[in-house]
>>> print(open('structure.tsv').read())   # TSV, C-alpha atoms
chain	number	residue	atom	x	y	z
A	1	MET	CA	-38.82	27.79	-105.75
A	2	ASP	CA	-38.05	29.19	-109.22
A	3	VAL	CA	-35.08	28.26	-111.41
A	4	LYS	CA	-33.02	31.31	-110.48
A	5	ASN	CA	-33.28	30.58	-106.75
A	6	GLN	CA	-32.31	26.95	-107.30
A	7	LEU	CA	-29.28	28.00	-109.31
A	8	SER	CA	-28.15	30.36	-106.51
A	9	ARG	CA	-27.82	27.39	-104.13
A	10	TRP	CA	-25.28	25.56	-106.27
A	11	SER	CA	-21.61	25.38	-105.41
A	12	PRO	CA	-19.01	27.59	-107.18
A	13	HIS	CA	-17.70	24.43	-108.88
A	14	LYS	CA	-21.09	23.70	-110.47
A	15	LEU	CA	-21.51	27.32	-111.49
A	16	PHE	CA	-18.07	27.24	-113.13
A	17	ILE	CA	-19.15	24.23	-115.19
A	18	ILE	CA	-22.36	25.99	-116.19
A	19	VAL	CA	-20.44	29.09	-117.31
A	20	GLY	CA	-18.28	26.85	-119.46
A	21	ILE	CA	-21.36	25.30	-121.03
A	22	VAL	CA	-22.82	28.71	-121.81
A	23	LEU	CA	-19.57	29.89	-123.40
A	24	SER	CA	-19.52	26.75	-125.53
A	25	ALA	CA	-23.07	27.49	-126.61
A	26	GLY	CA	-21.98	30.93	-127.77
A	27	MET	CA	-19.25	29.38	-129.85
A	28	LEU	CA	-21.79	27.06	-131.47
A	29	PHE	CA	-23.95	29.98	-132.50
A	30	LEU	CA	-20.98	31.76	-134.01
A	31	ALA	CA	-20.23	28.58	-135.90
A	32	SER	CA	-23.62	28.76	-137.60
A	33	THR	CA	-22.19	31.42	-139.92
A	34	MET	CA	-19.31	29.17	-140.94
A	35	PRO	CA	-19.53	26.66	-143.75
A	36	ASN	CA	-19.60	23.02	-142.68
A	37	SER	CA	-16.84	21.21	-144.53
A	38	ALA	CA	-18.52	17.81	-144.26
A	39	ALA	CA	-20.32	16.68	-147.41
A	40	THR	CA	-24.04	16.85	-146.82
A	41	PRO	CA	-26.45	14.38	-148.36
A	42	ALA	CA	-29.54	15.35	-150.32
A	43	VAL	CA	-32.68	15.62	-148.19
A	44	LYS	CA	-34.77	12.57	-149.07
A	45	ARG	CA	-36.74	11.93	-145.88
A	46	VAL	CA	-38.23	14.34	-143.35
A	47	VAL	CA	-39.95	13.53	-140.06
A	48	ILE	CA	-42.44	16.14	-138.87
A	49	ASP	CA	-43.39	16.04	-135.20
A	50	ALA	CA	-46.64	17.63	-134.02
A	51	GLY	CA	-46.05	18.40	-130.37
A	52	HIS	CA	-48.16	16.88	-127.58
A	53	GLY	CA	-51.37	14.97	-128.44
A	54	GLY	CA	-53.95	12.73	-126.78
A	55	LYS	CA	-53.96	13.13	-123.01
A	56	ASP	CA	-51.27	15.82	-123.32
A	57	PRO	CA	-53.00	18.98	-124.64
A	58	GLY	CA	-49.92	21.19	-124.41
A	59	ASN	CA	-50.51	24.89	-123.78
A	60	LEU	CA	-54.16	25.82	-123.22
A	61	GLY	CA	-54.09	29.46	-124.26
A	62	THR	CA	-56.40	32.07	-122.74
A	63	GLY	CA	-59.40	29.77	-122.55
A	64	ARG	CA	-61.33	31.63	-125.27
A	65	TYR	CA	-60.95	28.65	-127.62
A	66	LYS	CA	-61.57	24.95	-127.15
A	67	VAL	CA	-58.63	24.24	-129.43
A	68	THR	CA	-55.30	23.78	-127.61
A	69	GLU	CA	-51.65	23.55	-128.65
A	70	LYS	CA	-51.86	19.90	-129.66
A	71	THR	CA	-54.48	20.61	-132.34
A	72	ILE	CA	-52.77	23.67	-133.80
A	73	ALA	CA	-49.44	21.86	-133.91
A	74	LEU	CA	-51.03	18.89	-135.71
A	75	ASN	CA	-52.85	21.07	-138.26
A	76	VAL	CA	-49.67	22.97	-139.11
A	77	ALA	CA	-47.55	19.80	-139.20
A	78	LEU	CA	-49.89	18.10	-141.69
A	79	GLN	CA	-49.98	21.24	-143.81
A	80	VAL	CA	-46.18	21.48	-143.89
A	81	GLY	CA	-45.98	17.84	-145.00
A	82	LYS	CA	-48.60	18.44	-147.70
A	83	TYR	CA	-46.62	21.37	-149.14
A	84	ILE	CA	-43.37	19.38	-149.13
A	85	LYS	CA	-44.93	16.36	-150.86
A	86	GLU	CA	-46.53	18.54	-153.53
A	87	ALA	CA	-43.31	20.40	-154.30
A	88	PHE	CA	-40.90	17.46	-153.88
A	89	PRO	CA	-42.55	14.14	-154.81
A	90	ASP	CA	-39.21	12.37	-154.29
A	91	VAL	CA	-39.06	13.44	-150.62
A	92	GLU	CA	-40.64	11.00	-148.17
A	93	VAL	CA	-42.64	12.78	-145.45
A	94	LEU	CA	-43.28	10.93	-142.19
A	95	TYR	CA	-45.19	12.08	-139.10
A	96	THR	CA	-44.66	11.09	-135.47
A	97	ARG	CA	-48.44	11.41	-135.21
A	98	ASP	CA	-51.14	12.26	-137.75
A	99	ASP	CA	-54.09	12.26	-135.36
A	100	ASP	CA	-54.90	13.11	-131.74
A	101	THR	CA	-52.66	10.44	-130.22
A	102	PHE	CA	-50.32	10.64	-127.23
A	103	VAL	CA	-46.81	9.73	-128.37
A	104	PRO	CA	-44.04	9.50	-125.70
A	105	LEU	CA	-41.05	11.76	-126.32
A	106	HIS	CA	-38.61	8.86	-126.57
A	107	GLU	CA	-40.81	7.21	-129.21
A	108	ARG	CA	-40.72	10.37	-131.33
A	109	THR	CA	-36.93	10.45	-131.44
A	110	LYS	CA	-36.73	6.68	-131.90
A	111	TYR	CA	-39.12	6.92	-134.86
A	112	ALA	CA	-37.00	9.58	-136.58
A	113	ASN	CA	-33.76	7.68	-135.93
A	114	SER	CA	-35.03	4.27	-137.01
A	115	ASN	CA	-36.45	5.68	-140.23
A	116	GLY	CA	-33.19	7.37	-141.16
A	117	ALA	CA	-34.65	10.87	-141.39
A	118	ASP	CA	-32.51	13.58	-142.95
A	119	ILE	CA	-34.17	16.29	-140.87
A	120	PHE	CA	-36.54	16.37	-137.87
A	121	ILE	CA	-38.99	19.27	-137.40
A	122	SER	CA	-40.94	19.53	-134.14
A	123	ILE	CA	-43.85	22.02	-134.09
A	124	HIS	CA	-45.25	23.65	-130.93
A	125	CYS	CA	-47.01	26.73	-129.56
A	126	ASP	CA	-45.66	28.81	-126.70
A	127	ALA	CA	-47.18	30.29	-123.53
A	128	PHE	CA	-46.06	32.67	-120.79
A	129	THR	CA	-47.34	34.32	-117.64
A	130	ARG	CA	-47.35	37.77	-119.30
A	131	GLU	CA	-49.87	38.29	-122.10
A	132	SER	CA	-47.49	40.71	-123.81
A	133	ALA	CA	-45.04	37.91	-124.71
A	134	LYS	CA	-45.27	37.17	-128.42
A	135	GLY	CA	-43.36	35.99	-131.46
A	136	CYS	CA	-41.95	32.90	-133.12
A	137	GLY	CA	-38.76	31.21	-131.95
A	138	SER	CA	-36.74	28.23	-133.19
A	139	TYR	CA	-34.65	26.00	-130.93
A	140	VAL	CA	-31.76	23.64	-131.45
A	141	MET	CA	-30.33	21.29	-128.86
A	142	GLY	CA	-27.92	22.82	-126.35
A	143	PRO	CA	-27.57	24.54	-122.98
A	144	ALA	CA	-30.23	27.11	-122.11
A	145	LYS	CA	-28.63	30.55	-121.91
A	146	THR	CA	-31.48	32.15	-119.93
A	147	ASP	CA	-33.91	31.16	-117.19
A	148	ALA	CA	-36.76	31.63	-119.68
A	149	ASN	CA	-35.29	29.07	-122.07
A	150	LEU	CA	-34.71	26.66	-119.20
A	151	ARG	CA	-38.31	27.03	-118.02
A	152	MET	CA	-39.54	26.41	-121.55
A	153	ALA	CA	-37.52	23.20	-121.81
A	154	GLN	CA	-38.88	22.10	-118.43
A	155	LYS	CA	-42.43	22.71	-119.63
A	156	GLU	CA	-42.03	20.78	-122.91
A	157	ASN	CA	-40.14	17.93	-121.26
A	158	ALA	CA	-42.87	17.61	-118.62
A	159	ALA	CA	-44.70	15.28	-121.02
A	160	ILE	CA	-42.35	12.63	-119.62
A	161	LEU	CA	-44.35	12.72	-116.37
A	162	LEU	CA	-47.44	11.49	-118.24
A	163	GLU	CA	-45.74	8.22	-119.15
A	164	GLU	CA	-46.35	5.25	-116.89
A	165	ASP	CA	-43.04	3.52	-117.66
A	166	ARG	CA	-40.95	6.68	-117.70
A	167	LYS	CA	-38.17	5.30	-115.48
A	168	ASP	CA	-37.54	2.49	-117.97
A	169	ASN	CA	-37.31	4.97	-120.84
A	170	TYR	CA	-35.63	7.97	-119.20
A	171	GLY	CA	-33.82	6.61	-116.16
A	172	ASP	CA	-33.59	9.15	-113.35
A	173	VAL	CA	-34.12	12.20	-115.58
A	174	ASP	CA	-36.34	14.69	-113.75
A	175	PRO	CA	-37.84	17.23	-116.19
A	176	ASN	CA	-38.43	19.60	-113.27
A	177	SER	CA	-34.81	19.57	-112.14
A	178	PRO	CA	-32.38	22.24	-113.44
A	179	GLU	CA	-29.50	19.82	-112.76
A	180	GLY	CA	-31.17	17.16	-114.90
A	181	LEU	CA	-31.65	19.61	-117.77
A	182	ILE	CA	-28.05	20.74	-117.61
A	183	GLU	CA	-26.91	17.11	-117.77
A	184	LEU	CA	-29.12	16.69	-120.82
A	185	SER	CA	-27.64	19.80	-122.42
A	186	LEU	CA	-24.15	18.26	-122.21
A	187	ARG	CA	-25.08	15.89	-125.04
A	188	GLN	CA	-23.08	16.71	-128.14
A	189	ASN	CA	-24.74	17.29	-131.50
A	190	THR	CA	-22.60	16.72	-134.58
A	191	HIS	CA	-25.40	18.19	-136.72
A	192	ILE	CA	-25.39	21.58	-135.01
A	193	HIS	CA	-24.40	23.45	-138.20
A	194	GLN	CA	-27.29	22.09	-140.24
A	195	SER	CA	-29.75	22.53	-137.35
A	196	LEU	CA	-28.78	26.17	-136.93
A	197	ARG	CA	-28.99	26.75	-140.68
A	198	PHE	CA	-32.54	25.40	-140.92
A	199	ALA	CA	-33.64	27.25	-137.76
A	200	LYS	CA	-32.39	30.52	-139.22
A	201	HIS	CA	-34.35	29.90	-142.42
A	202	VAL	CA	-37.52	29.34	-140.35
A	203	GLN	CA	-37.04	32.59	-138.48
A	204	ASP	CA	-36.32	34.53	-141.68
A	205	GLN	CA	-39.52	33.21	-143.28
A	206	MET	CA	-41.67	33.85	-140.21
A	207	ARG	CA	-40.40	37.42	-140.01
A	208	THR	CA	-40.44	38.41	-143.69
A	209	ARG	CA	-43.33	36.32	-145.07
A	210	VAL	CA	-45.70	36.04	-142.13
A	211	GLY	CA	-44.89	39.23	-140.26
A	212	ARG	CA	-44.26	37.47	-136.95
A	213	THR	CA	-42.10	38.95	-134.22
A	214	ASP	CA	-38.71	37.24	-134.53
A	215	ARG	CA	-37.55	35.80	-131.21
A	216	GLY	CA	-34.45	34.39	-132.88
A	217	VAL	CA	-32.67	31.04	-132.87
A	218	LYS	CA	-31.93	29.72	-129.39
A	219	GLN	CA	-30.58	26.66	-127.63
A	220	ALA	CA	-32.39	24.66	-124.96
A	221	PRO	CA	-32.25	21.06	-123.69
A	222	PHE	CA	-35.51	19.80	-125.21
A	223	TRP	CA	-35.59	16.01	-124.97
A	224	VAL	CA	-37.27	15.57	-128.35
A	225	ILE	CA	-34.38	17.20	-130.26
A	226	SER	CA	-31.56	16.03	-127.99
A	227	PHE	CA	-31.61	12.35	-128.92
A	228	THR	CA	-32.10	12.52	-132.68
A	229	THR	CA	-29.24	11.54	-135.00
A	230	MET	CA	-30.00	14.11	-137.68
A	231	PRO	CA	-30.40	17.91	-137.90
A	232	SER	CA	-33.32	18.77	-135.61
A	233	VAL	CA	-35.24	21.97	-134.85
A	234	LEU	CA	-38.14	22.73	-132.52
A	235	VAL	CA	-40.34	25.60	-133.74
A	236	GLU	CA	-42.55	27.61	-131.38
A	237	LEU	CA	-45.16	29.18	-133.69
A	238	GLY	CA	-46.29	31.86	-131.26
A	239	PHE	CA	-47.83	32.47	-127.83
A	240	LEU	CA	-51.32	31.15	-127.13
A	241	THR	CA	-51.36	33.35	-124.02
A	242	ASN	CA	-51.22	36.43	-126.26
A	243	LYS	CA	-54.78	37.12	-127.49
A	244	GLU	CA	-53.65	38.49	-130.85
A	245	GLU	CA	-51.39	35.51	-131.57
A	246	GLU	CA	-53.95	33.06	-130.21
A	247	ASP	CA	-56.51	34.46	-132.68
A	248	PHE	CA	-54.00	34.18	-135.51
A	249	LEU	CA	-52.90	30.62	-134.73
A	250	ASN	CA	-56.47	29.43	-134.31
A	251	SER	CA	-57.42	30.81	-137.73
A	252	GLU	CA	-57.11	28.87	-140.99
A	253	GLU	CA	-55.09	31.77	-142.40
A	254	GLY	CA	-52.63	31.73	-139.51
A	255	GLN	CA	-52.06	28.00	-139.73
A	256	THR	CA	-51.65	28.18	-143.50
A	257	TYR	CA	-49.15	31.04	-143.31
A	258	THR	CA	-47.01	29.48	-140.59
A	259	ALA	CA	-47.01	26.12	-142.38
A	260	SER	CA	-46.00	27.87	-145.59
A	261	ALA	CA	-43.13	29.60	-143.77
A	262	ILE	CA	-41.77	26.30	-142.44
A	263	TYR	CA	-42.15	24.73	-145.91
A	264	ARG	CA	-40.27	27.63	-147.52
A	265	ALA	CA	-37.51	27.23	-144.93
A	266	PHE	CA	-37.32	23.53	-145.78
A	267	LYS	CA	-37.15	24.31	-149.49
A	268	LYS	CA	-34.27	26.75	-149.02
A	269	TYR	CA	-32.48	24.38	-146.65
A	270	LYS	CA	-32.79	21.51	-149.14
A	271	VAL	CA	-31.55	23.59	-152.06
A	272	ASP	CA	-28.65	24.96	-149.98
A	273	LEU	CA	-27.49	21.50	-148.92
A	274	GLU	CA	-27.74	20.00	-152.36
A	275	THR	CA	-25.77	22.93	-153.76
A	276	ILE	CA	-23.07	22.29	-151.15
A	277	GLU	CA	-23.09	18.60	-152.02
A	278	ALA	CA	-22.63	19.38	-155.70
A	279	ALA	CA	-19.76	21.77	-154.92
A	280	LEU	CA	-18.04	19.09	-152.84
A	281	GLY	CA	-18.78	16.36	-155.36
A	282	GLU	CA	-15.21	16.02	-156.47
A	283	GLU	CA	-14.21	15.16	-152.92
A	284	SER	CA	-17.04	12.74	-152.24
A	285	GLU	CA	-17.87	9.22	-153.24
A	286	GLU	CA	-20.60	10.60	-155.49
A	287	MET	CA	-18.18	11.70	-158.24
A	288	SER	CA	-19.82	11.88	-161.67
A	289	GLU	CA	-16.80	10.27	-163.30
A	290	GLU	CA	-14.20	8.30	-161.38
A	291	PRO	CA	-10.78	8.41	-163.03
A	292	GLN	CA	-9.72	5.28	-164.85
A	293	ILE	CA	-6.19	4.64	-163.62
A	294	GLU	CA	-3.70	2.26	-165.10
A	295	THR	CA	-2.26	0.59	-162.00
A	296	SER	CA	0.46	-1.59	-163.45
A	297	THR	CA	2.96	1.27	-163.60
A	298	ILE	CA	2.39	2.57	-160.07
A	299	ASP	CA	5.20	1.88	-157.66
A	300	SER	CA	4.09	-0.02	-154.55
A	301	ALA	CA	6.20	2.24	-152.34
A	302	VAL	CA	4.20	5.26	-153.56
A	303	LYS	CA	0.91	3.50	-152.78
A	304	ALA	CA	1.90	3.17	-149.13
A	305	GLU	CA	2.31	6.95	-148.85
A	306	VAL	CA	-1.44	7.57	-149.20
A	307	THR	CA	-4.01	6.81	-146.51
A	308	PHE	CA	-7.76	7.00	-147.08
A	309	LYS	CA	-10.15	7.71	-144.22
A	310	VAL	CA	-13.88	8.38	-143.85
A	311	GLN	CA	-14.88	11.77	-142.47
A	312	LEU	CA	-18.01	11.54	-140.29
A	313	SER	CA	-18.67	15.16	-139.41
A	314	SER	CA	-17.15	18.40	-138.20
A	315	SER	CA	-17.89	20.75	-135.31
A	316	SER	CA	-16.76	24.10	-133.98
A	317	THR	CA	-16.05	22.71	-130.51
A	318	PRO	CA	-14.33	19.41	-129.67
A	319	ILE	CA	-16.46	16.32	-129.06
A	320	GLU	CA	-15.19	13.49	-126.89
A	321	VAL	CA	-14.39	10.62	-129.24
A	322	THR	CA	-16.28	7.80	-127.58
A	323	PRO	CA	-18.53	5.18	-129.24
A	324	ASP	CA	-21.58	6.71	-127.55
A	325	ALA	CA	-20.91	10.07	-129.18
A	326	PHE	CA	-20.54	8.54	-132.66
A	327	ASN	CA	-23.39	6.06	-132.99
A	328	GLY	CA	-21.33	3.14	-131.66
A	329	LEU	CA	-18.29	3.62	-133.93
A	330	LYS	CA	-15.02	2.84	-132.20
A	331	ASN	CA	-11.57	4.38	-132.70
A	332	VAL	CA	-12.84	7.65	-134.19
A	333	LYS	CA	-9.99	10.16	-134.51
A	334	MET	CA	-10.28	13.92	-134.17
A	335	ILE	CA	-8.10	16.43	-136.04
A	336	LYS	CA	-8.23	20.23	-135.98
A	337	ASP	CA	-8.35	22.02	-139.32
A	338	LYS	CA	-8.29	25.79	-138.92
A	339	GLU	CA	-11.35	26.61	-136.74
A	340	LEU	CA	-13.09	23.24	-137.11
A	341	TYR	CA	-12.68	19.86	-135.46
A	342	LYS	CA	-13.07	16.97	-137.90
A	343	TYR	CA	-13.86	13.38	-137.01
A	344	LEU	CA	-12.31	10.55	-139.04
A	345	TYR	CA	-12.94	6.84	-139.04
A	346	GLY	CA	-10.89	3.89	-140.27
A	347	SER	CA	-7.82	3.67	-142.45
A	348	ALA	CA	-7.39	2.16	-145.90
A	349	SER	CA	-4.59	2.02	-148.45
A	350	THR	CA	-6.89	1.86	-151.49
A	351	TYR	CA	-9.92	3.81	-152.60
A	352	ASN	CA	-12.10	0.72	-152.96
A	353	SER	CA	-11.28	-0.37	-149.42
A	354	ALA	CA	-12.22	3.10	-148.21
A	355	LYS	CA	-15.56	2.82	-150.05
A	356	GLU	CA	-16.33	-0.32	-148.05
A	357	LEU	CA	-15.57	1.58	-144.85
A	358	GLN	CA	-17.84	4.37	-146.05
A	359	LYS	CA	-20.71	1.93	-146.64
A	360	ASP	CA	-20.34	0.56	-143.10
A	361	VAL	CA	-20.31	4.06	-141.63
A	362	ARG	CA	-23.40	5.17	-143.53
A	363	LYS	CA	-25.32	2.21	-142.11
A	364	THR	CA	-24.77	3.67	-138.62
A	365	GLY	CA	-26.55	6.90	-139.58
A	366	TYR	CA	-23.80	9.08	-141.04
A	367	LYS	CA	-25.32	9.33	-144.51
A	368	GLY	CA	-23.13	12.28	-145.42
A	369	ALA	CA	-19.86	10.51	-144.55
A	370	PHE	CA	-17.30	10.94	-147.30
A	371	ILE	CA	-13.81	9.75	-148.19
A	372	VAL	CA	-10.72	11.90	-147.61
A	373	ALA	CA	-7.05	11.21	-148.27
A	374	PHE	CA	-3.79	12.07	-146.51
A	375	ASP	CA	-0.16	11.90	-147.59
A	376	ASN	CA	2.65	10.27	-145.59
A	377	ASN	CA	3.09	13.52	-143.61
A	378	GLY	CA	-0.52	13.42	-142.50
A	379	GLU	CA	-1.50	16.34	-144.70
A	380	ARG	CA	-4.85	16.39	-146.49
A	381	MET	CA	-4.56	15.88	-150.25
A	382	PRO	CA	-7.06	16.02	-153.15
A	383	LEU	CA	-8.98	12.78	-153.50
A	384	ASN	CA	-8.41	12.58	-157.26
A	385	LYS	CA	-4.67	12.92	-156.72
A	386	ALA	CA	-4.72	10.16	-154.09
A	387	ILE	CA	-6.57	7.81	-156.45
A	388	GLU	CA	-4.13	8.64	-159.23
A	389	LEU	CA	-1.17	7.77	-157.01
A	390	THR	CA	-2.56	4.57	-155.61
A	391	GLY	CA	-4.75	3.27	-158.41
A	392	LYS	CA	-8.46	2.59	-157.94
A	393	PRO	CA	-8.20	-1.01	-156.55
>>> encode(input="structure.tsv", output="structure tokens")
Amino acid sequence: MDVKNQLSRWSPHKLFIIVGIVLSAGMLFLASTMPNSAATPAVKRVVIDAGHGGKDPGNLGTGRYKVTEKTIALNVALQVGKYIKEAFPDVEVLYTRDDDTFVPLHERTKYANSNGADIFISIHCDAFTRESAKGCGSYVMGPAKTDANLRMAQKENAAILLEEDRKDNYGDVDPNSPEGLIELSLRQNTHIHQSLRFAKHVQDQMRTRVGRTDRGVKQAPFWVISFTTMPSVLVELGFLTNKEEEDFLNSEEGQTYTASAIYRAFKKYKVDLETIEAALGEESEEMSEEPQIETSTIDSAVKAEVTFKVQLSSSSTPIEVTPDAFNGLKNVKMIKDKELYKYLYGSASTYNSAKELQKDVRKTGYKGAFIVAFDNNGERMPLNKAIELTGKP
């Protein structure tokens, strides 16, 4: 029974929930055109994930080549890393695999998280029942808006079934179950803005530099990008079931061009984020010159009117403020500022105390967390002004 028929058997209540998820997904895509107000750290470490490997060949193509998806993905992944290291010697490039090894999906995400990656790039090749299907697509975590996207997520997540201890690592998740995928898609991603930004750069480069058909930026509940704690994108280079694209992706030229496109997207993404960081510098802990304040003349009553907090992230749709949603941090508060929801942690009466909070938060994975200040009416105020009123200590 195909996905559409399974969906038709669900109750109106379940379908209502699914409609809500899809509408939320639309809002997230609209949010990709909005600036993210959270300070974004420089990109210092990237994890590149070559899909499949070892006993998991991935898509097989038309059968005209011995090479399968796992080999093409690895070749392109290593080439992307080579380009990045040559252009940015200060950027550390890590790979989930650098040879023909089977790596479980949960180990890939764990590797990226434990190494504190600033971005995660997963590289794959597509396939479909119709040979006419072609083009490059980039995916970020979220609910699948079409049956095709849902089927694709099912296919990529099926690698779970090759793992002997899968129940220990994935619980009762069934990669073949639409209900299981929808539960997975309910996971919230506080890095959606950055993920969408990078995905768009990939698509722009594939279209303009490589001449690939642009299948756009989409959302789907891929396991490998649903459990990372950094911006994450899964790139489908093209369809191995399309003879023209299979020829291209099996060629040295095709692999070089697609790797170059992903590298160029990374370069633009890195420059964009570091430009944003510089623009927000006066509101972040990374100020070039902190004001030297004479504190002896500041009235203690005035000091109490300023509260410093640490901003973790922002999103276009509300996220339930639970420890699980924020890397174990408790008592996270959410405020709405215009069209964005912002998530704040802790409370301090001095800037130095807030810096200690910031250090603790960054250890949990929020490397871009920055300090903000509020007056006694709860209104946001310039950080320099807050420091001037309270004194640096």
>>> residues_around(input="structure.tsv", residues="Lys268 (chain A)", least_positions_apart="3", cutoff="12 Å", atoms="only C-alpha atoms", output="list in words")
Val43, Ile84, Arg197, Phe198, Ala199, Lys200, His201, Val202, Asp204, Gln205, Ala261, Ile262, Tyr263, Arg264, Ala265, Val271, Asp272, Leu273, Glu274 and Thr275 of chain A
>>> write_last_selection(input="structure.tsv", atoms="C-alpha atoms", output="compact mmCIF listing (two decimals), in the coordinates of the input")
# COMPACT_ATOMS: atom_id res chain seq x y z
CA VAL A 43 -32.68 15.62 -148.19
CA ILE A 84 -43.37 19.38 -149.13
CA ARG A 197 -28.99 26.75 -140.68
CA PHE A 198 -32.54 25.40 -140.92
CA ALA A 199 -33.64 27.25 -137.76
CA LYS A 200 -32.39 30.52 -139.22
CA HIS A 201 -34.35 29.90 -142.42
CA VAL A 202 -37.52 29.34 -140.35
CA ASP A 204 -36.32 34.53 -141.68
CA GLN A 205 -39.52 33.21 -143.28
CA ALA A 261 -43.13 29.60 -143.77
CA ILE A 262 -41.77 26.30 -142.44
CA TYR A 263 -42.15 24.73 -145.91
CA ARG A 264 -40.27 27.63 -147.52
CA ALA A 265 -37.51 27.23 -144.93
CA VAL A 271 -31.55 23.59 -152.06
CA ASP A 272 -28.65 24.96 -149.98
CA LEU A 273 -27.49 21.50 -148.92
CA GLU A 274 -27.74 20.00 -152.36
CA THR A 275 -25.77 22.93 -153.76
>>> closest_residue(input="structure.tsv", among="A:Val103, A:Ile387, A:Leu78, A:Met230", to="Asn327 (chain A)", atoms="all atoms listed in the file")
A:Met230
>>> closest_residue(input="structure.tsv", among="A:Ile335, A:Ile192, A:Leu74, A:Cys136", to="Gly211 (chain A)", atoms="all atoms listed in the file")
A:Cys136
>>> atom_distance(input="structure.tsv", atom1="CA of Ala373 (chain A)", atom2="CA of Lys359 (chain A)")
16.6 Å
>>> residues_around(input="structure.tsv", residues="Gly378 (chain A)", least_positions_apart="3", cutoff="10 Å", atoms="all atoms listed in the file", output="mmCIF file with C-alpha atoms, keeping the file's coordinate frame")
data_model
loop_
_atom_site.group_PDB
_atom_site.id
_atom_site.type_symbol
_atom_site.label_atom_id
_atom_site.label_comp_id
_atom_site.auth_asym_id
_atom_site.auth_seq_id
_atom_site.Cartn_x
_atom_site.Cartn_y
_atom_site.Cartn_z
ATOM 1 C CA GLU A 305 2.310 6.950 -148.850
ATOM 2 C CA VAL A 306 -1.440 7.570 -149.200
ATOM 3 C CA THR A 307 -4.010 6.810 -146.510
ATOM 4 C CA ALA A 373 -7.050 11.210 -148.270
ATOM 5 C CA PHE A 374 -3.790 12.070 -146.510
ATOM 6 C CA ASP A 375 -0.160 11.900 -147.590
ATOM 7 C CA MET A 381 -4.560 15.880 -150.250
#
>>> atom_distance(input="structure.tsv", atom1="CA of Phe222 (chain A)", atom2="CA of Ala369 (chain A)")
26.6 Å
>>> closest_residue(input="structure.tsv", among="A:Ile319, A:Ala42, A:Leu249, A:Ala50", to="Val91 (chain A)", atoms="only C-alpha atoms")
A:Ala42
>>> closest_residue(input="structure.tsv", among="A:Asp49, A:Asp56, A:Glu86, A:Glu244", to="Ser132 (chain A)", atoms="all atoms listed in the file")
A:Glu244
>>> axis_aligned_box(input="structure.tsv", around="region 59-75 of chain A", padding_each_side="5 Å", output="lines of an AutoDock Vina configuration file")
center_x = -55.5
center_y = 25.5
center_z = -130.4
size_x = 22.1
size_y = 23.2
size_z = 25.7
>>> closest_residue(input="structure.tsv", among="A:His191, A:Lys333, A:His52, A:Lys355", to="Phe370 (chain A)", atoms="only C-alpha atoms")
A:Lys355
>>> residues_around(input="structure.tsv", residues="Arg215 (chain A)", least_positions_apart="4", cutoff="8 Å", atoms="only C-alpha atoms", output="JSON, numbers by chain")
{"A": [135, 136, 137, 138, 203]}
>>> write_last_selection(input="structure.tsv", atoms="C-alpha atoms", output="mmCIF file, keeping the file's coordinate frame")
data_model
loop_
_atom_site.group_PDB
_atom_site.id
_atom_site.type_symbol
_atom_site.label_atom_id
_atom_site.label_comp_id
_atom_site.auth_asym_id
_atom_site.auth_seq_id
_atom_site.Cartn_x
_atom_site.Cartn_y
_atom_site.Cartn_z
ATOM 1 C CA GLY A 135 -43.360 35.990 -131.460
ATOM 2 C CA CYS A 136 -41.950 32.900 -133.120
ATOM 3 C CA GLY A 137 -38.760 31.210 -131.950
ATOM 4 C CA SER A 138 -36.740 28.230 -133.190
ATOM 5 C CA GLN A 203 -37.040 32.590 -138.480
#
>>> residues_around(input="structure.tsv", residues="Val47 (chain A)", least_positions_apart="4", cutoff="9 Å", atoms="all atoms listed in the file", output="ChimeraX atom specification")
/A:81,92-96,111-112,115,117-122
>>> atom_distance(input="structure.tsv", atom1="CA of Ser232 (chain A)", atom2="CA of Lys336 (chain A)")
25.1 Å
>>> build_atoms(input="structure.tsv", residues="region 92-99 of chain A", atoms="N, CA and C atoms", output="compact mmCIF listing (two decimals), in the frame of the given file")
# COMPACT_ATOMS: atom_id res chain seq x y z
N GLU A 92 -39.70 11.76 -149.00
CA GLU A 92 -40.64 11.00 -148.17
C GLU A 92 -40.94 11.79 -146.90
N VAL A 93 -42.21 12.03 -146.64
CA VAL A 93 -42.64 12.78 -145.45
C VAL A 93 -43.28 11.81 -144.46
N LEU A 94 -42.75 11.79 -143.24
CA LEU A 94 -43.28 10.93 -142.19
C LEU A 94 -43.70 11.81 -141.01
N TYR A 95 -44.70 11.34 -140.26
CA TYR A 95 -45.19 12.08 -139.10
C TYR A 95 -45.07 11.23 -137.85
N THR A 96 -44.67 11.84 -136.73
CA THR A 96 -44.66 11.09 -135.47
C THR A 96 -46.09 10.82 -135.02
N ARG A 97 -47.00 11.67 -135.41
CA ARG A 97 -48.44 11.41 -135.21
C ARG A 97 -49.20 12.17 -136.28
N ASP A 98 -50.30 11.58 -136.77
CA ASP A 98 -51.14 12.26 -137.75
C ASP A 98 -52.59 12.33 -137.27
N ASP A 99 -52.77 12.10 -135.97
CA ASP A 99 -54.09 12.26 -135.36
C ASP A 99 -53.90 12.64 -133.90
